[in-house]
>>> print(open('final_15.cif').read())   # mmCIF, C-alpha atoms
data_work
loop_
_atom_site.label_atom_id
_atom_site.label_comp_id
_atom_site.auth_asym_id
_atom_site.auth_seq_id
_atom_site.Cartn_x
_atom_site.Cartn_y
_atom_site.Cartn_z
CA MET A 1 21.77 59.18 30.78
CA THR A 2 20.02 55.93 31.46
CA GLN A 3 20.65 52.85 29.42
CA THR A 4 17.83 50.59 28.48
CA ALA A 5 18.31 46.91 28.87
CA PRO A 6 18.44 45.04 25.59
CA ALA A 7 15.21 43.35 24.70
CA GLN A 8 15.25 39.65 25.27
CA GLN A 9 15.00 37.61 22.13
CA ALA A 10 12.13 35.20 21.96
CA PRO A 11 13.21 31.58 21.84
CA GLN A 12 13.33 30.20 18.34
CA THR A 13 10.72 27.65 17.50
CA HIS A 14 10.89 25.28 14.61
CA THR A 15 7.65 24.42 12.89
CA VAL A 16 7.04 21.01 11.42
CA PRO A 17 6.82 21.02 7.61
CA ALA A 18 3.26 21.17 6.31
CA SER A 19 3.56 17.84 4.49
CA SER A 20 4.74 16.10 7.67
CA ARG A 21 1.95 17.69 9.73
CA MET A 22 -0.71 16.55 7.27
CA LEU A 23 0.66 13.02 7.09
CA ARG A 24 0.94 12.84 10.88
CA GLU A 25 -2.66 13.94 11.36
CA ILE A 26 -3.86 11.29 8.92
CA LEU A 27 -1.87 8.57 10.64
CA ARG A 28 -3.04 9.59 14.13
CA GLY A 29 -6.60 8.48 13.50
CA GLY A 30 -7.76 5.90 16.03
CA VAL A 31 -8.52 2.23 15.48
CA VAL A 32 -12.23 2.85 15.90
CA THR A 33 -12.12 5.60 13.29
CA THR A 34 -10.31 3.30 10.88
CA ILE A 35 -12.85 0.51 11.33
CA LEU A 36 -15.71 2.94 10.86
CA ALA A 37 -14.02 4.27 7.72
CA LEU A 38 -14.16 0.73 6.32
CA VAL A 39 -17.80 0.41 7.36
CA ALA A 40 -18.63 3.69 5.66
CA ALA A 41 -16.81 2.59 2.49
CA PHE A 42 -18.79 -0.65 2.33
CA ILE A 43 -22.07 1.15 3.03
CA VAL A 44 -21.46 3.55 0.15
CA GLY A 45 -20.32 0.59 -1.94
CA GLY A 46 -23.61 -1.17 -1.18
CA ILE A 47 -25.52 1.92 -2.30
CA LEU A 48 -23.58 1.90 -5.57
CA ILE A 49 -24.37 -1.78 -6.09
CA ALA A 50 -28.05 -1.07 -5.56
CA VAL A 51 -28.34 1.96 -7.86
CA THR A 52 -26.51 0.18 -10.70
CA ASP A 53 -28.49 -3.06 -10.47
CA GLU A 54 -31.00 -3.64 -13.28
CA ASP A 55 -33.59 -5.37 -11.07
CA VAL A 56 -33.50 -2.48 -8.60
CA ALA A 57 -33.96 0.02 -11.42
CA GLU A 58 -36.92 -1.93 -12.75
CA ALA A 59 -38.59 -2.24 -9.34
CA ALA A 60 -38.00 1.45 -8.62
CA GLY A 61 -40.20 2.29 -11.60
CA TYR A 62 -43.29 1.32 -9.61
CA PHE A 63 -41.92 2.08 -6.14
CA PHE A 64 -45.00 3.95 -4.89
CA ALA A 65 -47.30 1.13 -5.98
CA ARG A 66 -45.25 -1.70 -4.45
CA PRO A 67 -42.33 -0.35 -2.37
CA GLY A 68 -41.63 -3.80 -0.97
CA ASP A 69 -40.42 -5.00 -4.36
CA THR A 70 -37.82 -2.24 -4.53
CA LEU A 71 -36.56 -2.94 -1.01
CA SER A 72 -36.39 -6.65 -1.76
CA ALA A 73 -34.45 -5.99 -4.97
CA VAL A 74 -32.03 -3.72 -3.12
CA TRP A 75 -31.43 -6.35 -0.47
CA SER A 76 -30.92 -9.09 -3.05
CA ALA A 77 -28.45 -6.99 -5.03
CA VAL A 78 -26.36 -5.86 -2.05
CA ALA A 79 -26.45 -9.16 -0.17
CA GLY A 80 -25.73 -11.11 -3.34
CA GLY A 81 -22.77 -8.88 -4.19
CA TYR A 82 -21.14 -9.10 -0.78
CA GLU A 83 -21.93 -12.82 -0.52
CA ALA A 84 -20.07 -13.31 -3.80
CA LEU A 85 -17.19 -11.26 -2.38
CA PHE A 86 -17.11 -13.55 0.67
CA ARG A 87 -17.15 -16.69 -1.48
CA GLY A 88 -14.25 -15.42 -3.55
CA ALA A 89 -12.20 -14.07 -0.68
CA VAL A 90 -12.78 -16.23 2.42
CA TYR A 91 -14.70 -19.44 1.86
CA ASN A 92 -16.65 -20.75 -1.10
CA THR A 93 -19.87 -21.95 0.49
CA ARG A 94 -20.89 -23.63 -2.78
CA ALA A 95 -17.81 -25.85 -2.96
CA ASP A 96 -18.16 -29.64 -2.73
CA ASP A 97 -15.64 -30.08 0.08
CA PHE A 98 -13.76 -28.07 2.69
CA LEU A 99 -10.41 -28.03 0.88
CA THR A 100 -11.98 -26.66 -2.26
CA GLY A 101 -13.91 -24.07 -0.29
CA ILE A 102 -10.90 -22.83 1.68
CA ARG A 103 -8.97 -22.25 -1.53
CA SER A 104 -10.59 -18.81 -1.65
CA LEU A 105 -8.77 -17.86 1.55
CA THR A 106 -5.42 -19.05 0.21
CA ASN A 107 -6.04 -17.03 -2.95
CA SER A 108 -6.59 -13.95 -0.80
CA LEU A 109 -3.38 -14.57 1.14
CA GLY A 110 -1.45 -14.99 -2.08
CA ALA A 111 -2.89 -11.80 -3.53
CA ALA A 112 -2.14 -9.95 -0.30
CA ALA A 113 1.57 -10.86 -0.15
CA PRO A 114 2.92 -8.26 -2.65
CA LEU A 115 0.49 -5.64 -1.34
CA ILE A 116 1.75 -6.12 2.20
CA ALA A 117 5.40 -6.02 1.18
CA ALA A 118 5.02 -2.86 -0.88
CA GLY A 119 2.77 -1.33 1.79
CA LEU A 120 5.41 -1.93 4.45
CA GLY A 121 7.91 -0.05 2.28
CA VAL A 122 5.57 2.90 1.94
CA ALA A 123 4.83 2.78 5.68
CA VAL A 124 8.52 2.96 6.62
CA ALA A 125 8.91 6.11 4.53
CA PHE A 126 5.71 7.58 5.97
CA ARG A 127 7.02 7.15 9.51
CA VAL A 128 10.02 9.28 8.56
CA GLY A 129 7.76 11.94 7.05
CA LEU A 130 8.47 11.01 3.42
CA PHE A 131 5.75 10.59 0.80
CA ASN A 132 7.19 7.61 -1.05
CA ILE A 133 4.92 7.09 -4.04
CA GLY A 134 7.62 5.41 -6.08
CA ALA A 135 6.86 1.77 -5.23
CA GLN A 136 5.93 1.11 -8.87
CA GLY A 137 9.36 2.09 -10.17
CA GLN A 138 11.10 0.30 -7.31
CA ILE A 139 9.21 -2.91 -8.07
CA VAL A 140 9.83 -2.96 -11.82
CA PHE A 141 13.49 -1.98 -11.50
CA GLY A 142 14.07 -4.55 -8.76
CA VAL A 143 12.57 -7.25 -10.97
CA ALA A 144 14.67 -6.21 -13.98
CA PHE A 145 17.81 -5.90 -11.86
CA THR A 146 17.58 -9.45 -10.55
CA ALA A 147 16.67 -10.79 -14.00
CA LEU A 148 19.79 -9.23 -15.50
CA LEU A 149 22.07 -10.61 -12.81
CA THR A 150 20.59 -13.96 -11.82
CA PHE A 151 18.27 -15.44 -14.47
CA ARG A 152 21.13 -16.88 -16.52
CA LEU A 153 23.18 -18.27 -13.63
CA ASP A 154 21.56 -21.73 -13.82
CA LEU A 155 22.27 -22.52 -10.16
CA PRO A 156 20.71 -25.32 -8.09
CA MET A 157 17.54 -24.32 -6.25
CA PRO A 158 19.14 -23.82 -2.78
CA LEU A 159 21.32 -21.13 -4.36
CA GLN A 160 19.19 -19.83 -7.23
CA LEU A 161 16.16 -18.99 -5.09
CA PRO A 162 17.89 -16.84 -2.43
CA VAL A 163 20.21 -15.19 -4.98
CA THR A 164 17.25 -14.18 -7.15
CA LEU A 165 15.34 -12.95 -4.10
CA LEU A 166 18.29 -10.93 -2.82
CA GLY A 167 18.86 -9.42 -6.27
CA GLY A 168 15.30 -8.07 -6.38
CA ILE A 169 15.53 -6.59 -2.89
CA VAL A 170 18.85 -4.93 -3.70
CA GLY A 171 17.52 -3.60 -7.02
CA GLY A 172 14.50 -2.01 -5.35
CA ALA A 173 16.71 -0.50 -2.65
CA ILE A 174 19.03 1.00 -5.27
CA TRP A 175 16.16 2.65 -7.13
CA ALA A 176 14.61 4.08 -3.98
CA GLY A 177 18.04 5.04 -2.66
CA ILE A 178 18.47 7.39 -5.61
CA ALA A 179 15.45 9.38 -4.42
CA GLY A 180 16.65 9.26 -0.82
CA LEU A 181 20.12 10.49 -1.74
CA LEU A 182 18.78 13.34 -3.86
CA LYS A 183 16.40 14.31 -1.06
CA ALA A 184 19.24 14.27 1.46
CA ARG A 185 21.79 16.13 -0.66
CA THR A 186 19.64 18.66 -2.53
CA GLY A 187 16.42 18.93 -0.52
CA ALA A 188 14.36 18.05 -3.61
CA HIS A 189 10.84 16.94 -2.73
CA GLU A 190 10.49 13.18 -2.62
CA VAL A 191 7.08 13.23 -4.33
CA ILE A 192 8.57 14.76 -7.48
CA LEU A 193 11.61 12.48 -7.29
CA THR A 194 9.64 9.27 -6.91
CA ILE A 195 7.11 10.19 -9.61
CA MET A 196 9.88 10.86 -12.11
CA LEU A 197 11.73 7.69 -11.10
CA ASN A 198 8.51 5.75 -11.68
CA TYR A 199 8.41 6.96 -15.28
CA ILE A 200 12.12 6.35 -15.79
CA GLY A 201 11.97 2.86 -14.27
CA VAL A 202 8.92 1.75 -16.25
CA LEU A 203 10.22 3.08 -19.57
CA PHE A 204 13.70 1.68 -18.91
CA VAL A 205 12.31 -1.80 -18.23
CA GLU A 206 10.06 -1.50 -21.29
CA TRP A 207 13.17 -0.93 -23.40
CA MET A 208 15.00 -3.85 -21.77
CA VAL A 209 12.21 -6.38 -22.38
CA SER A 210 11.88 -5.15 -25.97
CA THR A 211 15.57 -5.47 -26.84
CA GLN A 212 17.25 -8.73 -27.81
CA GLY A 213 20.36 -9.41 -25.83
CA VAL A 214 19.16 -7.43 -22.82
CA LEU A 215 16.04 -8.95 -21.26
CA GLN A 216 13.80 -9.87 -24.19
CA LYS A 217 13.00 -13.56 -24.49
CA ALA A 218 14.99 -15.20 -27.26
CA GLY A 219 13.07 -16.08 -30.39
CA THR A 220 10.17 -13.66 -29.86
CA THR A 221 9.30 -10.14 -30.87
CA GLN A 222 6.97 -9.62 -27.90
CA PRO A 223 8.10 -7.31 -25.08
CA VAL A 224 8.52 -10.06 -22.51
CA SER A 225 11.46 -11.45 -20.56
CA ASP A 226 12.69 -15.00 -20.18
CA PRO A 227 10.67 -17.08 -17.72
CA THR A 228 11.76 -17.28 -14.12
CA PRO A 229 14.34 -20.07 -13.66
CA ALA A 230 12.78 -23.20 -12.22
CA GLY A 231 15.18 -23.09 -9.29
CA ALA A 232 14.02 -19.59 -8.33
CA VAL A 233 10.27 -20.34 -8.13
CA PHE A 234 8.82 -20.23 -4.61
CA PRO A 235 7.60 -23.66 -3.44
CA ASP A 236 3.93 -23.99 -2.46
CA LEU A 237 3.31 -23.85 1.28
CA LEU A 238 0.31 -26.23 1.28
CA GLY A 239 1.00 -28.31 -1.80
CA PRO A 240 -0.18 -28.13 -5.42
CA SER A 241 -3.85 -27.94 -4.40
CA PHE A 242 -3.24 -24.36 -3.24
CA PRO A 243 -0.89 -22.92 -5.89
CA ASN A 244 -1.48 -19.26 -4.99
CA LEU A 245 -0.06 -19.61 -1.47
CA ASP A 246 3.69 -20.05 -1.60
CA LEU A 247 6.87 -19.26 0.29
CA GLY A 248 6.52 -15.60 -0.63
CA PHE A 249 3.74 -15.13 1.92
CA LEU A 250 5.91 -16.51 4.70
CA LEU A 251 8.70 -14.12 3.68
CA VAL A 252 6.23 -11.23 3.86
CA VAL A 253 5.26 -12.24 7.40
CA LEU A 254 8.95 -12.18 8.33
CA ALA A 255 9.26 -8.77 6.66
CA ALA A 256 6.39 -7.47 8.82
CA VAL A 257 8.15 -8.76 11.95
CA PHE A 258 11.35 -7.03 10.84
CA VAL A 259 9.62 -3.70 10.17
CA TRP A 260 7.83 -3.91 13.54
CA TRP A 261 11.15 -4.49 15.32
CA LEU A 262 12.92 -1.83 13.28
CA LEU A 263 10.43 0.96 13.90
CA GLU A 264 9.31 0.12 17.42
CA HIS A 265 12.25 -1.54 19.16
CA SER A 266 15.53 -0.47 17.56
CA SER A 267 17.66 2.62 18.11
CA LEU A 268 17.56 3.35 14.38
CA GLY A 269 13.77 3.17 14.49
CA LEU A 270 13.74 5.66 17.36
CA ARG A 271 15.75 8.10 15.27
CA MET A 272 13.52 7.50 12.26
CA ARG A 273 10.38 8.22 14.27
CA ALA A 274 11.98 11.34 15.73
CA VAL A 275 12.72 12.65 12.24
CA GLY A 276 9.15 11.87 11.19
CA GLU A 277 7.72 13.81 14.12
CA ASN A 278 9.89 16.91 13.71
CA PRO A 279 13.06 16.90 11.58
CA HIS A 280 14.22 20.24 13.03
CA ALA A 281 14.04 18.98 16.61
CA ALA A 282 15.70 15.73 15.57
CA LYS A 283 18.55 17.67 14.00
CA ALA A 284 18.92 19.75 17.16
CA ALA A 285 19.16 16.51 19.13
CA GLY A 286 22.14 15.41 17.03
CA ILE A 287 20.37 13.10 14.58
CA SER A 288 21.61 13.18 10.99
CA VAL A 289 18.33 13.84 9.19
CA PRO A 290 19.75 13.37 5.64
CA ARG A 291 21.20 10.02 6.62
CA ILE A 292 17.86 8.90 8.06
CA TYR A 293 16.15 9.89 4.81
CA VAL A 294 18.56 7.68 2.85
CA TYR A 295 18.12 4.77 5.27
CA ALA A 296 14.32 5.03 5.09
CA MET A 297 14.26 5.00 1.30
CA LEU A 298 16.68 2.06 1.16
CA PHE A 299 14.38 0.04 3.43
CA ALA A 300 11.32 1.15 1.46
CA GLY A 301 12.86 0.16 -1.86
CA GLY A 302 14.03 -3.19 -0.53
CA LEU A 303 10.52 -4.03 0.64
CA ALA A 304 9.11 -2.96 -2.74
CA GLY A 305 11.67 -5.27 -4.34
CA LEU A 306 10.35 -8.08 -2.14
CA ALA A 307 6.88 -7.33 -3.52
CA GLY A 308 8.25 -7.69 -7.04
CA MET A 309 9.84 -11.00 -6.13
CA ASN A 310 6.47 -12.27 -4.98
CA GLN A 311 5.34 -11.65 -8.53
CA ILE A 312 8.11 -13.23 -10.60
CA GLN A 313 8.99 -16.00 -8.15
CA GLY A 314 5.43 -16.87 -7.29
CA ALA A 315 2.55 -15.51 -9.34
CA VAL A 316 4.07 -14.69 -12.74
CA THR A 317 6.79 -17.16 -13.67
CA THR A 318 6.39 -17.19 -17.46
CA GLY A 319 8.17 -13.86 -17.99
CA PHE A 320 7.46 -10.25 -17.17
CA ASN A 321 7.21 -6.82 -18.76
CA GLN A 322 7.01 -3.24 -17.50
CA HIS A 323 3.52 -3.89 -16.06
CA ILE A 324 4.72 -6.52 -13.61
CA ASP A 325 3.69 -4.36 -10.63
CA ALA A 326 0.02 -4.94 -11.64
CA GLY A 327 -1.02 -1.68 -9.98
CA PHE A 328 -0.16 -2.65 -6.42
CA GLY A 329 2.70 -0.14 -6.43
CA PHE A 330 0.04 2.52 -5.95
CA ASP A 331 -2.34 0.32 -3.96
CA ALA A 332 0.48 0.09 -1.41
CA ILE A 333 -0.08 3.75 -0.55
CA THR A 334 -3.67 2.97 0.39
CA VAL A 335 -2.57 -0.08 2.38
CA ALA A 336 -0.03 1.96 4.35
CA LEU A 337 -2.54 4.73 5.05
CA LEU A 338 -5.20 2.28 6.18
CA GLY A 339 -2.66 0.54 8.40
CA ARG A 340 -1.65 3.89 9.94
CA SER A 341 1.95 3.13 8.88
CA ARG A 342 2.27 0.51 11.61
CA ALA A 343 3.72 -2.87 10.68
CA TRP A 344 0.79 -5.00 11.80
CA GLY A 345 -1.79 -2.44 10.77
CA THR A 346 -0.30 -2.47 7.27
CA PHE A 347 -0.27 -6.27 7.37
CA ALA A 348 -3.98 -6.35 8.22
CA ALA A 349 -4.80 -3.74 5.58
CA GLY A 350 -2.91 -5.77 2.99
CA LEU A 351 -4.95 -8.84 3.89
CA LEU A 352 -8.14 -6.84 3.42
CA PHE A 353 -7.11 -5.53 0.02
CA GLY A 354 -5.90 -8.97 -1.02
CA ALA A 355 -9.31 -10.33 -0.12
CA LEU A 356 -10.98 -7.60 -2.17
CA LYS A 357 -8.83 -8.48 -5.18
CA ALA A 358 -9.49 -12.21 -4.84
CA GLY A 359 -13.21 -11.72 -4.30
CA ALA A 360 -13.59 -9.34 -7.23
CA TYR A 361 -13.73 -12.23 -9.70
CA GLN A 362 -16.67 -13.86 -7.92
CA MET A 363 -18.43 -10.50 -7.82
CA GLN A 364 -17.89 -10.15 -11.55
CA ALA A 365 -19.46 -13.58 -12.04
CA ALA A 366 -22.44 -12.30 -10.04
CA GLY A 367 -22.88 -9.44 -12.51
CA ILE A 368 -21.06 -6.70 -10.59
CA PRO A 369 -18.27 -4.94 -12.52
CA VAL A 370 -14.78 -5.77 -11.33
CA ASP A 371 -14.09 -2.03 -11.09
CA PHE A 372 -16.35 -1.98 -8.04
CA VAL A 373 -13.35 -3.09 -5.95
CA LEU A 374 -11.42 -0.04 -7.15
CA VAL A 375 -14.33 2.16 -6.09
CA VAL A 376 -14.31 0.62 -2.59
CA GLN A 377 -10.56 1.15 -2.33
CA ALA A 378 -10.96 4.79 -3.32
CA LEU A 379 -13.70 5.23 -0.72
CA VAL A 380 -11.44 3.70 1.93
CA VAL A 381 -8.78 6.27 1.09
CA LEU A 382 -11.33 9.08 1.25
CA PHE A 383 -12.67 8.14 4.67
CA VAL A 384 -9.29 7.18 6.18
CA ALA A 385 -7.79 10.50 5.07
CA ALA A 386 -10.66 12.45 6.65
CA PRO A 387 -11.20 11.24 10.25
CA PRO A 388 -13.36 14.29 11.12
CA LEU A 389 -15.75 13.27 8.32
CA VAL A 390 -16.03 9.76 9.73
CA ARG A 391 -16.63 11.09 13.24
CA THR A 392 -19.33 13.37 11.89
CA ILE A 393 -21.06 10.56 9.97
CA PHE A 394 -21.17 8.27 13.00
CA PHE A 395 -21.75 11.07 15.57
CA LEU A 396 -18.49 10.44 17.40
CA PRO A 397 -16.97 13.05 19.72
CA ARG A 398 -14.10 15.08 18.33
CA ASP A 399 -10.63 14.08 19.48
CA ASP A 400 -8.39 16.35 21.56
CA ALA A 401 -6.29 17.48 18.59
CA GLU A 402 -9.34 18.56 16.65
CA LYS A 403 -10.81 20.34 19.67
CA SER A 404 -7.57 22.21 20.37
CA ALA A 405 -7.28 23.20 16.71
CA ARG A 406 -10.80 24.60 16.76
CA THR A 407 -10.07 26.42 20.03
CA ARG A 408 -6.94 28.03 18.58
CA ALA A 409 -8.80 29.05 15.44
CA LYS A 410 -11.61 30.59 17.51
CA ALA A 411 -9.10 32.48 19.67
CA ALA A 412 -7.30 33.77 16.58
CA ARG A 413 -10.54 35.05 15.06
CA LYS A 414 -11.43 36.78 18.34
CA ALA A 415 -7.99 38.43 18.50
CA VAL A 416 -8.34 39.72 14.94
CA ALA A 417 -11.79 41.09 15.67
CA GLN A 418 -10.49 43.00 18.69
#
>>> encode(input="final_15.cif", output="structure tokens")
Amino acid sequence: MTQTAPAQQAPQTHTVPASSRMLREILRGGVVTTILALVAAFIVGGILIAVTDEDVAEAAGYFFARPGDTLSAVWSAVAGGYEALFRGAVYNTRADDFLTGIRSLTNSLGAAAPLIAAGLGVAVAFRVGLFNIGAQGQIVFGVAFTALLTFRLDLPMPLQLPVTLLGGIVGGAIWAGIAGLLKARTGAHEVILTIMLNYIGVLFVEWMVSTQGVLQKAGTTQPVSDPTPAGAVFPDLLGPSFPNLDLGFLLVVLAAVFVWWLLEHSSLGLRMRAVGENPHAAKAAGISVPRIYVYAMLFAGGLAGLAGMNQIQGAVTTGFNQHIDAGFGFDAITVALLGRSRAWGTFAAGLLFGALKAGAYQMQAAGIPVDFVLVVQALVVLFVAAPPLVRTIFFLPRDDAEKSARTRAKAARKAVAQ
């Protein structure tokens, strides 16, 4: 009686989670694709400016009689809109002197600071494969946390400023750390966790600024906190002529350097990137994946707290409420995606979005709705998240990953047919 040899078991393979694969594919888009995504967004934005302009609509009524008038109106509308954006974001060409004209650039840098800080936090989580969309809650809780602990200390400026700053960073890290700990211990999805913590954080801060004896300003019934202590306000970098550019921007630059070093040149960053690429392989290599999740969310929350500090220590010093994040908690997701979750890419993307925000007011003065900037931001997200679409629009060759995916799909269909 012959014995058959036992069948050899196929080696086990661990597949990357679908959410991590999708995020990784988005972030792998090249620099050229990213730049072309911006170009496409501005082209579509120009089309929207043209079709909503009253002069263009009027000239289009007799287009076949005098087509030149329509083309001229389109050019005037689009060029005028983007020229207004440039004047508001980079340099005001109608200013009387250079210092007045360059104030537009300093306004853009000031508007970019919280976007960059929050974007860096989102980027750190993205590199670990986590969809951190809780920057809003981390910002508002960090602001409330430092207000509770530090606003009434009445310390001299050399102590009050760093203590207030540190309190906000710690508060944001605590709020994000809750999501990281729950993710690590229970496996709950971070998207659900951070969304719910956003609601909890915003409503909790709303209660605090509406309750006397907690955070509400004494002697008022309005839901607003006490003003930021004078000793905690960031000093201006270039003097009172440029009030929107303060120490907060320099701190954000240092934060970008830190994130770059952390992710690209530290042993912890190596483990974080390994978990982001494939958590199963990282675990097999001896890396504690749950611990990395907690670390990533702590860093993300601390950076979001820094964004909040740029608000209450720089831009909004008369008191805050639950809307102190001003929407950049969610804009940070766009900034991180556009920057491909790299420190300097996120920094550059934050500068771009800061310029859009600063230039929006000049565009509004030119008759273009301020919501146009939101439309451009949404278009940027659309094109950045779909590199194959951008390559198709600009007739670029497909990358190797896309070609191999198509080859595998074709082979699978052929195997099924046989």
>>> atom_distance(input="final_15.cif", atom1="atom CA of Gly354 of chain A", atom2="atom CA of Ser108 of chain A")
5.0 Å
>>> resolve_selection(input="final_15.cif", expression="the PyMOL selection byres ((chain A and resi 129) around 6)", output="PyMOL selection string")
chain A and resi 20+126-128+130+276
>>> resolve_selection(input="final_15.cif", expression="the PyMOL selection byres ((chain A and resi 260) around 10)", output="ChimeraX atom specification")
/A:120,124,254-259,261-266,269,342-344
>>> closest_atom_pairs(input="final_15.cif", of="segment 309-408 of chain A", to="segment 74-92 of chain A", cutoff="7 Å", atoms="all atoms listed in the file", output="Markdown table")
| residue | atom | partner | partner_atom | distance |
| --- | --- | --- | --- | --- |
| A:Ala355 | CA | A:Ala89 | CA | 4.8 |
| A:Leu356 | CA | A:Ala89 | CA | 6.8 |
| A:Ala358 | CA | A:Ala89 | CA | 5.3 |
| A:Gly359 | CA | A:Gly88 | CA | 3.9 |
| A:Ala360 | CA | A:Leu85 | CA | 6.3 |
| A:Tyr361 | CA | A:Gly88 | CA | 6.9 |
| A:Gln362 | CA | A:Gly88 | CA | 5.2 |
| A:Met363 | CA | A:Ala84 | CA | 5.2 |
| A:Ala366 | CA | A:Ala84 | CA | 6.8 |
| A:Ile368 | CA | A:Gly81 | CA | 7.0 |
>>> closest_atom_pairs(input="final_15.cif", of="segment 101-148 of chain A", to="segment 201-207 of chain A", cutoff="10 Å", atoms="all atoms listed in the file", output="CSV")
residue,atom,partner,partner_atom,distance
A:Gly134,CA,A:Gly201,CA,9.6
A:Gln136,CA,A:Val202,CA,8.0
A:Gly137,CA,A:Gly201,CA,4.9
A:Gln138,CA,A:Gly201,CA,7.5
A:Ile139,CA,A:Gly201,CA,8.9
A:Val140,CA,A:Val202,CA,6.5
A:Phe141,CA,A:Gly201,CA,5.8
A:Gly142,CA,A:Gly201,CA,9.5
A:Val143,CA,A:Val205,CA,9.1
A:Ala144,CA,A:Val205,CA,6.6
A:Phe145,CA,A:Val205,CA,9.4
>>> residues_around(input="final_15.cif", residues="segment 172-177 of chain A", least_positions_apart="3", cutoff="7 Å", atoms="only C-alpha atoms", output="ChimeraX atom specification")
/A:138-139,141-142,168-169,180-181,294,297-302,304-305
>>> resolve_selection(input="final_15.cif", expression="the PyMOL selection byres ((chain A and resi 149) around 12)", output="list of chain:residue names")
A:Gly142, A:Val143, A:Ala144, A:Phe145, A:Thr146, A:Ala147, A:Leu148, A:Thr150, A:Phe151, A:Arg152, A:Leu153, A:Asp154, A:Gln160, A:Val163, A:Thr164, A:Leu165, A:Leu166, A:Gly167, A:Gly168, A:Val170, A:Gly171, A:Val214, A:Leu215
>>> axis_aligned_box(input="final_15.cif", around="segment 240-247 of chain A", padding_each_side="4 Å", output="JSON")
{"center_x": 1.5, "center_y": -23.7, "center_z": -2.8, "size_x": 18.7, "size_y": 16.9, "size_z": 14.2}
>>> residues_around(input="final_15.cif", residues="Val384 of chain A", least_positions_apart="6", cutoff="7 Å", atoms="only C-alpha atoms", output="list of chain:residue names")
A:Thr34, A:Ala37, A:Leu338
>>> atom_distance(input="final_15.cif", atom1="atom CA of Leu303 of chain A", atom2="atom CA of Lys283 of chain A")
26.7 Å
>>> atom_distance(input="final_15.cif", atom1="atom CA of Asp325 of chain A", atom2="atom CA of Gln311 of chain A")
7.8 Å
>>> closest_residue(input="final_15.cif", among="A:Val275, A:Ala118, A:Met309, A:Met208", to="Val233 of chain A", atoms="all atoms listed in the file")
A:Met309
>>> closest_residue(input="final_15.cif", among="A:Ala117, A:Thr106, A:Gln222, A:Thr52", to="Gly350 of chain A", atoms="all atoms listed in the file")
A:Ala117
>>> residues_near_point(input="final_15.cif", point="(-8.6, -2.6, -1.7)", cutoff="7 Å", atoms="all atoms listed in the file", output="list in words")
Leu352, Phe353, Gly354, Leu356, Lys357, Val373, Leu374, Val376 and Gln377 of chain A
>>> closest_residue(input="final_15.cif", among="A:Ala57, A:Ile102, A:Leu238, A:Ala123", to="Leu250 of chain A", atoms="all atoms listed in the file")
A:Leu238
>>> residues_near_point(input="final_15.cif", point="(12.2, 14.6, 15.5)", cutoff="12 Å", atoms="only C-alpha atoms", output="NGL selection string")
:A and (14-17 or 20 or 127-129 or 269-289 or 292)
>>> closest_residue(input="final_15.cif", among="A:Ala332, A:Ala365, A:Phe249, A:Ser341", to="Leu109 of chain A", atoms="only C-alpha atoms")
A:Phe249
>>> residues_around(input="final_15.cif", residues="Gly248 of chain A", least_positions_apart="5", cutoff="9 Å", atoms="only C-alpha atoms", output="JSON, numbers by chain")
{"A": [110, 113, 114, 234, 235, 236, 253, 306, 307, 309, 310, 311, 313, 314]}
>>> residues_around(input="final_15.cif", residues="Val122 of chain A", least_positions_apart="3", cutoff="6 Å", atoms="all atoms listed in the file", output="PyMOL selection string")
chain A and resi 119+125+132
